[in-house]
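Data file: protein.cif. Format and content: mmCIF, C-alpha atoms.
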data_target
#
loop_
_atom_site.group_PDB
_atom_site.id
_atom_site.type_symbol
_atom_site.label_atom_id
_atom_site.label_comp_id
_atom_site.auth_asym_id
_atom_site.auth_seq_id
_atom_site.Cartn_x
_atom_site.Cartn_y
_atom_site.Cartn_z
ATOM 1 C CA MET A 1 7.012 -56.558 1.730
ATOM 2 C CA LYS A 2 5.533 -59.781 3.022
ATOM 3 C CA ARG A 3 7.944 -62.185 1.328
ATOM 4 C CA ALA A 4 11.751 -62.015 1.306
ATOM 5 C CA VAL A 5 13.958 -63.799 -1.191
ATOM 6 C CA ALA A 6 16.859 -64.845 1.016
ATOM 7 C CA LEU A 7 19.495 -66.299 -1.251
ATOM 8 C CA LEU A 8 22.651 -64.441 -0.281
ATOM 9 C CA ALA A 9 23.160 -64.956 3.428
ATOM 10 C CA LEU A 10 24.221 -68.568 3.090
ATOM 11 C CA ALA A 11 26.501 -67.782 0.167
ATOM 12 C CA VAL A 12 28.613 -65.245 2.029
ATOM 13 C CA ALA A 13 28.414 -66.414 5.640
ATOM 14 C CA ALA A 14 31.653 -68.447 5.587
ATOM 15 C CA GLY A 15 35.011 -68.052 3.856
ATOM 16 C CA PRO A 16 36.979 -70.883 2.219
ATOM 17 C CA ALA A 17 38.944 -71.587 5.440
ATOM 18 C CA CYS A 18 35.895 -72.385 7.528
ATOM 19 C CA ARG A 19 33.594 -74.357 5.245
ATOM 20 C CA SER A 20 31.702 -77.182 6.909
ATOM 21 C CA ALA A 21 29.152 -79.834 6.147
ATOM 22 C CA ALA A 22 26.445 -77.168 6.344
ATOM 23 C CA ASP A 23 27.823 -75.677 3.123
ATOM 24 C CA THR A 24 26.343 -78.565 1.154
ATOM 25 C CA SER A 25 22.775 -77.824 2.268
ATOM 26 C CA ALA A 26 20.334 -76.873 -0.471
ATOM 27 C CA ILE A 27 19.482 -73.244 -1.147
ATOM 28 C CA ILE A 28 15.870 -72.871 -2.269
ATOM 29 C CA GLN A 29 14.961 -70.359 -4.973
ATOM 30 C CA PRO A 30 11.242 -69.426 -4.855
ATOM 31 C CA GLY A 31 9.448 -70.154 -8.122
ATOM 32 C CA ALA A 32 7.300 -67.756 -10.082
ATOM 33 C CA PRO A 33 3.523 -68.029 -9.493
ATOM 34 C CA GLY A 34 2.369 -71.499 -10.540
ATOM 35 C CA GLN A 35 5.909 -72.855 -10.615
ATOM 36 C CA ALA A 36 7.666 -75.010 -8.025
ATOM 37 C CA ASN A 37 10.578 -73.841 -5.912
ATOM 38 C CA ARG A 38 13.948 -75.340 -6.847
ATOM 39 C CA ALA A 39 17.231 -76.086 -5.152
ATOM 40 C CA ILE A 40 20.245 -74.172 -6.468
ATOM 41 C CA SER A 41 23.964 -74.199 -5.741
ATOM 42 C CA ARG A 42 25.884 -71.561 -3.775
ATOM 43 C CA GLU A 43 27.442 -70.356 -7.005
ATOM 44 C CA ALA A 44 24.035 -69.876 -8.593
ATOM 45 C CA ALA A 45 22.801 -68.030 -5.505
ATOM 46 C CA THR A 46 25.761 -65.681 -5.690
ATOM 47 C CA ASP A 47 25.077 -65.067 -9.388
ATOM 48 C CA LEU A 48 21.441 -64.245 -8.597
ATOM 49 C CA SER A 49 22.601 -61.490 -6.262
ATOM 50 C CA LYS A 50 24.001 -59.718 -9.333
ATOM 51 C CA VAL A 51 20.769 -59.864 -11.337
ATOM 52 C CA GLN A 52 19.802 -56.385 -12.500
ATOM 53 C CA ALA A 53 16.375 -54.972 -13.279
ATOM 54 C CA THR A 54 15.328 -55.087 -16.926
ATOM 55 C CA PRO A 55 13.282 -52.574 -18.949
ATOM 56 C CA ALA A 56 10.297 -54.923 -18.530
ATOM 57 C CA ASP A 57 10.724 -54.763 -14.753
ATOM 58 C CA VAL A 58 10.736 -50.960 -14.850
ATOM 59 C CA LYS A 59 7.651 -50.887 -17.091
ATOM 60 C CA PHE A 60 5.869 -53.274 -14.715
ATOM 61 C CA MET A 61 6.561 -51.080 -11.694
ATOM 62 C CA GLN A 62 5.556 -47.885 -13.501
ATOM 63 C CA GLY A 63 2.353 -49.469 -14.799
ATOM 64 C CA MET A 64 1.449 -51.033 -11.472
ATOM 65 C CA ILE A 65 1.647 -47.621 -9.766
ATOM 66 C CA GLY A 66 -1.135 -46.367 -12.034
ATOM 67 C CA HIS A 67 -3.057 -49.604 -11.607
ATOM 68 C CA HIS A 68 -2.960 -49.274 -7.825
ATOM 69 C CA ALA A 69 -3.858 -45.565 -8.030
ATOM 70 C CA GLN A 70 -7.125 -46.355 -9.782
ATOM 71 C CA ALA A 71 -7.958 -49.050 -7.218
ATOM 72 C CA ILE A 72 -7.568 -46.446 -4.479
ATOM 73 C CA GLU A 73 -9.864 -44.071 -6.403
ATOM 74 C CA MET A 74 -12.433 -46.868 -6.526
ATOM 75 C CA THR A 75 -12.242 -47.571 -2.794
ATOM 76 C CA ALA A 76 -12.642 -43.855 -2.028
ATOM 77 C CA LEU A 77 -16.197 -44.121 -3.402
ATOM 78 C CA ILE A 78 -17.283 -46.714 -0.845
ATOM 79 C CA ALA A 79 -17.916 -44.592 2.247
ATOM 80 C CA ASP A 80 -20.779 -42.527 0.777
ATOM 81 C CA ARG A 81 -22.373 -45.275 -1.296
ATOM 82 C CA THR A 82 -22.852 -48.321 0.929
ATOM 83 C CA SER A 83 -23.918 -49.240 4.447
ATOM 84 C CA ARG A 84 -22.472 -52.735 4.138
ATOM 85 C CA GLU A 85 -19.723 -53.108 6.723
ATOM 86 C CA GLU A 86 -17.789 -55.824 4.912
ATOM 87 C CA MET A 87 -17.618 -53.572 1.842
ATOM 88 C CA LYS A 88 -16.064 -50.807 3.961
ATOM 89 C CA LEU A 89 -13.542 -53.238 5.465
ATOM 90 C CA LEU A 90 -12.639 -54.556 2.003
ATOM 91 C CA GLY A 91 -12.105 -51.042 0.706
ATOM 92 C CA GLN A 92 -9.939 -50.099 3.673
ATOM 93 C CA ARG A 93 -7.816 -53.223 3.249
ATOM 94 C CA ILE A 94 -7.273 -52.569 -0.456
ATOM 95 C CA SER A 95 -6.586 -48.859 0.019
ATOM 96 C CA VAL A 96 -4.010 -49.277 2.794
ATOM 97 C CA SER A 97 -2.123 -52.159 1.209
ATOM 98 C CA GLN A 98 -1.984 -50.618 -2.247
ATOM 99 C CA ALA A 99 -0.928 -47.188 -0.948
ATOM 100 C CA ASP A 100 1.967 -48.869 0.880
ATOM 101 C CA GLU A 101 2.922 -50.790 -2.257
ATOM 102 C CA MET A 102 2.807 -47.627 -4.369
ATOM 103 C CA GLU A 103 5.327 -45.977 -2.063
ATOM 104 C CA MET A 104 7.549 -49.056 -2.264
ATOM 105 C CA MET A 105 7.387 -48.981 -6.077
ATOM 106 C CA ARG A 106 8.273 -45.287 -6.187
ATOM 107 C CA THR A 107 11.260 -45.944 -3.931
ATOM 108 C CA TRP A 108 12.336 -48.853 -6.143
ATOM 109 C CA LEU A 109 12.186 -46.681 -9.275
ATOM 110 C CA ARG A 110 14.020 -43.738 -7.702
ATOM 111 C CA ALA A 111 16.797 -46.020 -6.446
ATOM 112 C CA ARG A 112 17.394 -47.106 -10.040
ATOM 113 C CA GLY A 113 17.193 -43.642 -11.557
ATOM 114 C CA GLN A 114 13.923 -44.385 -13.363
ATOM 115 C CA GLU A 115 10.960 -42.113 -13.997
ATOM 116 C CA VAL A 116 8.270 -42.183 -11.321
ATOM 117 C CA PRO A 117 4.796 -41.709 -12.875
ATOM 118 C CA SER A 118 2.531 -39.059 -11.426
ATOM 119 C CA GLU A 119 -0.539 -40.137 -9.481
ATOM 120 C CA HIS A 120 -2.703 -39.121 -12.429
ATOM 121 C CA ALA A 121 -0.721 -40.798 -15.208
ATOM 122 C CA HIS A 122 -3.264 -43.621 -15.402
ATOM 123 C CA HIS A 123 -5.872 -41.148 -16.633
ATOM 124 C CA THR A 124 -4.071 -41.002 -19.967
ATOM 125 C CA HIS A 125 -4.223 -43.634 -22.712
ATOM 126 C CA GLU A 126 -0.515 -44.353 -22.234
ATOM 127 C CA GLY A 127 -1.117 -45.154 -18.572
ATOM 128 C CA PHE A 128 -3.948 -47.612 -19.221
ATOM 129 C CA MET A 129 -3.156 -51.110 -17.950
ATOM 130 C CA PRO A 130 -5.015 -54.472 -18.210
ATOM 131 C CA GLY A 131 -8.228 -54.670 -16.199
ATOM 132 C CA MET A 132 -8.475 -50.963 -15.478
ATOM 133 C CA LEU A 133 -11.855 -49.276 -15.632
ATOM 134 C CA THR A 134 -12.670 -46.961 -18.500
ATOM 135 C CA PRO A 135 -13.819 -43.404 -17.696
ATOM 136 C CA GLU A 136 -17.362 -44.561 -18.492
ATOM 137 C CA GLN A 137 -17.117 -47.454 -16.023
ATOM 138 C CA MET A 138 -15.737 -45.177 -13.321
ATOM 139 C CA ALA A 139 -18.626 -42.753 -13.910
ATOM 140 C CA GLU A 140 -21.126 -45.627 -13.717
ATOM 141 C CA LEU A 141 -19.611 -46.774 -10.425
ATOM 142 C CA ALA A 142 -19.655 -43.262 -8.964
ATOM 143 C CA ALA A 143 -23.336 -42.853 -9.878
ATOM 144 C CA ALA A 144 -24.448 -46.090 -8.181
ATOM 145 C CA LYS A 145 -25.755 -46.353 -4.618
ATOM 146 C CA GLY A 146 -26.603 -49.078 -2.112
ATOM 147 C CA PRO A 147 -26.795 -52.715 -3.269
ATOM 148 C CA ALA A 148 -26.348 -51.666 -6.897
ATOM 149 C CA PHE A 149 -23.058 -49.994 -5.981
ATOM 150 C CA ASP A 150 -21.917 -53.012 -3.956
ATOM 151 C CA GLU A 151 -22.490 -55.397 -6.848
ATOM 152 C CA LEU A 152 -20.880 -53.090 -9.411
ATOM 153 C CA PHE A 153 -17.874 -52.368 -7.199
ATOM 154 C CA LEU A 154 -17.193 -56.051 -6.592
ATOM 155 C CA LYS A 155 -17.510 -56.925 -10.283
ATOM 156 C CA TYR A 156 -15.282 -54.063 -11.348
ATOM 157 C CA MET A 157 -12.672 -54.708 -8.648
ATOM 158 C CA ILE A 158 -12.531 -58.367 -9.686
ATOM 159 C CA GLN A 159 -11.950 -57.122 -13.250
ATOM 160 C CA HIS A 160 -9.270 -54.776 -11.921
ATOM 161 C CA HIS A 161 -7.482 -57.463 -9.886
ATOM 162 C CA THR A 162 -7.619 -59.883 -12.812
ATOM 163 C CA GLY A 163 -5.803 -57.263 -14.864
ATOM 164 C CA ALA A 164 -3.041 -57.140 -12.237
ATOM 165 C CA LEU A 165 -2.666 -60.924 -12.548
ATOM 166 C CA THR A 166 -2.287 -60.472 -16.298
ATOM 167 C CA MET A 167 0.473 -57.927 -15.713
ATOM 168 C CA VAL A 168 2.338 -60.339 -13.440
ATOM 169 C CA ASP A 169 1.935 -63.152 -15.961
ATOM 170 C CA GLU A 170 3.257 -60.961 -18.770
ATOM 171 C CA LEU A 171 6.231 -59.949 -16.627
ATOM 172 C CA PHE A 172 7.288 -63.511 -15.877
ATOM 173 C CA LYS A 173 6.792 -64.530 -19.512
ATOM 174 C CA THR A 174 9.239 -61.834 -20.672
ATOM 175 C CA PRO A 175 12.748 -63.322 -21.095
ATOM 176 C CA GLY A 176 15.037 -62.126 -18.295
ATOM 177 C CA ALA A 177 12.322 -60.193 -16.471
ATOM 178 C CA GLY A 178 11.037 -60.800 -12.960
ATOM 179 C CA GLN A 179 14.372 -62.197 -11.748
ATOM 180 C CA GLU A 180 15.770 -59.286 -9.738
ATOM 181 C CA GLY A 181 15.137 -60.025 -6.056
ATOM 182 C CA ASP A 182 12.772 -57.185 -5.144
ATOM 183 C CA ILE A 183 10.788 -57.537 -8.370
ATOM 184 C CA ASN A 184 10.472 -61.302 -8.007
ATOM 185 C CA ALA A 185 9.182 -61.050 -4.433
ATOM 186 C CA PHE A 186 6.809 -58.144 -5.110
ATOM 187 C CA ALA A 187 5.271 -59.610 -8.270
ATOM 188 C CA ALA A 188 4.725 -62.944 -6.524
ATOM 189 C CA ASP A 189 3.062 -61.107 -3.612
ATOM 190 C CA VAL A 190 0.759 -59.236 -6.008
ATOM 191 C CA ASP A 191 -0.251 -62.502 -7.637
ATOM 192 C CA SER A 192 -0.950 -64.254 -4.320
ATOM 193 C CA ASP A 193 -2.725 -61.342 -2.605
ATOM 194 C CA GLN A 194 -4.982 -60.439 -5.505
ATOM 195 C CA ARG A 195 -6.010 -64.038 -6.131
ATOM 196 C CA MET A 196 -7.107 -64.257 -2.481
ATOM 197 C CA GLU A 197 -9.027 -60.974 -2.749
ATOM 198 C CA ILE A 198 -10.731 -62.124 -5.946
ATOM 199 C CA ASP A 199 -11.938 -65.238 -4.112
ATOM 200 C CA ARG A 200 -13.140 -63.065 -1.203
ATOM 201 C CA MET A 201 -15.034 -60.700 -3.514
ATOM 202 C CA ARG A 202 -16.680 -63.557 -5.417
ATOM 203 C CA ALA A 203 -17.913 -64.890 -2.079
ATOM 204 C CA MET A 204 -19.231 -61.421 -1.189
ATOM 205 C CA LEU A 205 -21.114 -61.277 -4.493
ATOM 206 C CA GLY A 206 -22.816 -64.507 -3.515
ATOM 207 C CA ARG A 207 -23.966 -62.913 -0.234
ATOM 208 C CA LYS A 208 -25.279 -59.683 -1.722
#
What does the file become when written as structure tokens?
Amino acid sequence: MKRAVALLALAVAAGPACRSAADTSAIIQPGAPGQANRAISREAATDLSKVQATPADVKFMQGMIGHHAQAIEMTALIADRTSREEMKLLGQRISVSQADEMEMMRTWLRARGQEVPSEHAHHTHEGFMPGMLTPEQMAELAAAKGPAFDELFLKYMIQHHTGALTMVDELFKTPGAGQEGDINAFAADVDSDQRMEIDRMRAMLGRK
């Protein structure tokens, strides 16, 4: 994971007998996407270490596994349908990063005794998340070739990434959700990374 939420080290590094002036330094809690960071006390940092995952956090992780799985299915179509090198590099970047994140999410769920969705769960209505392609859209993408495929892929992957941003937004809007350390860092990473990729893909559409 690219970003670590380091709130605990300062809170436990020194006992009462060896406190110093450094103990008064601010501890910065990263804000949710679009929100500023804020300084918190040692006591608040210690309390944050006890934050537990909520049902909304679990649902987010389970849903995002299916969301990522479809993105990987989309990138698997690239090799046989385009000669555009930057399309192949984009697909490789998305495939590798999202496969790694899927494994992280599975590990997170197992560690908390939660159900890990199968790789094909997103093919069901229950596994359908915001921004995901319908079966008809996936079939349309698979049937396209050359420049037509490039344009359709970019438009549909922008749609797909926008759906992931919606999922992150919904998570942080849910009372109590998105506060557990791993969830907070991962969801913020998803938001940042997919916004950058959306900008990159919009630029690629302009160069088609």
Ranking A:Thr166, A:Ser95, A:Thr107, A:Gln137 by minimum distance to Ala76 (chain A) and counting only C-alpha atoms, which one comes first?
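Using only C-alpha atoms, Ala76 (chain A) sits closest to A:Ser95.
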Tell me, in Å to one decimal, how far CA of Gly91 (chain A) is from CA of Ala185 (chain A).
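Atom-to-atom, CA of Gly91 (chain A) to CA of Ala185 (chain A), that is 24.1 Å.
With all atoms listed in the file as the basis for measurement, A:Lys155 is the residue among A:Lys155, A:Arg112, A:Lys88, A:His122 that approaches Asp199 (chain A) most closely.
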Non-local contacts of Ala53 (chain A) (8 Å; only C-alpha atoms; under 3 positions in same chain excluded) as an MDAnalysis selection string
chainID A and resid 57:58 177:180 183
Closest of A:Pro135, A:Pro55, A:Pro130, A:Gly146 to Ser83 (chain A) - atom-to-atom distances counting all atoms listed in the file:
A:Gly146
Between CA of Asn184 (chain A) and CA of Ala164 (chain A), what is the distance, to one decimal in Å?
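The value is 14.8 Å.
Closest approach to Thr162 (chain A) among A:Ala143, A:Ala148, A:Met102, A:Met132 is made by A:Met132 (distances from all atoms listed in the file).
Taking CA of Met129 (chain A) and CA of Arg106 (chain A) as the two end points, the separation is 17.4 Å.
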Can you pull out the residues contacting Met138 (chain A)? Cut-off 12 Å, using only C-alpha atoms, and skip same-chain residues under 6 positions away; I want them as a PyMOL selection string.
chain A and resi 70-71+73-77+123+132+144+149+152-153+156-157+160
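Checking A:Ala56, A:Met61, A:Ala142, A:Ala203 one by one against Asp80 (chain A), counting all atoms listed in the file, you find the shortest gap at A:Ala142.
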Residue among A:Glu86, A:Thr174, A:Val190, A:Val116 lying closest to Leu205 (chain A), counting only C-alpha atoms:
A:Glu86
Give as a PDB file with C-alpha atoms, in the frame of the given file the residues that the PyMOL selection byres ((chain A and resi 98-101) around 9) matches when applied to the coordinates above.
ATOM      1  CA  MET A   1       7.012 -56.558   1.730  1.00  0.00           C
ATOM      2  CA  ILE A  65       1.647 -47.621  -9.766  1.00  0.00           C
ATOM      3  CA  HIS A  68      -2.960 -49.274  -7.825  1.00  0.00           C
ATOM      4  CA  ALA A  69      -3.858 -45.565  -8.030  1.00  0.00           C
ATOM      5  CA  ALA A  71      -7.958 -49.050  -7.218  1.00  0.00           C
ATOM      6  CA  ILE A  72      -7.568 -46.446  -4.479  1.00  0.00           C
ATOM      7  CA  ARG A  93      -7.816 -53.223   3.249  1.00  0.00           C
ATOM      8  CA  ILE A  94      -7.273 -52.569  -0.456  1.00  0.00           C
ATOM      9  CA  SER A  95      -6.586 -48.859   0.019  1.00  0.00           C
ATOM     10  CA  VAL A  96      -4.010 -49.277   2.794  1.00  0.00           C
ATOM     11  CA  SER A  97      -2.123 -52.159   1.209  1.00  0.00           C
ATOM     12  CA  MET A 102       2.807 -47.627  -4.369  1.00  0.00           C
ATOM     13  CA  GLU A 103       5.327 -45.977  -2.063  1.00  0.00           C
ATOM     14  CA  MET A 104       7.549 -49.056  -2.264  1.00  0.00           C
ATOM     15  CA  MET A 105       7.387 -48.981  -6.077  1.00  0.00           C
ATOM     16  CA  ARG A 106       8.273 -45.287  -6.187  1.00  0.00           C
ATOM     17  CA  PHE A 186       6.809 -58.144  -5.110  1.00  0.00           C
TER      18      PHE A 186
END
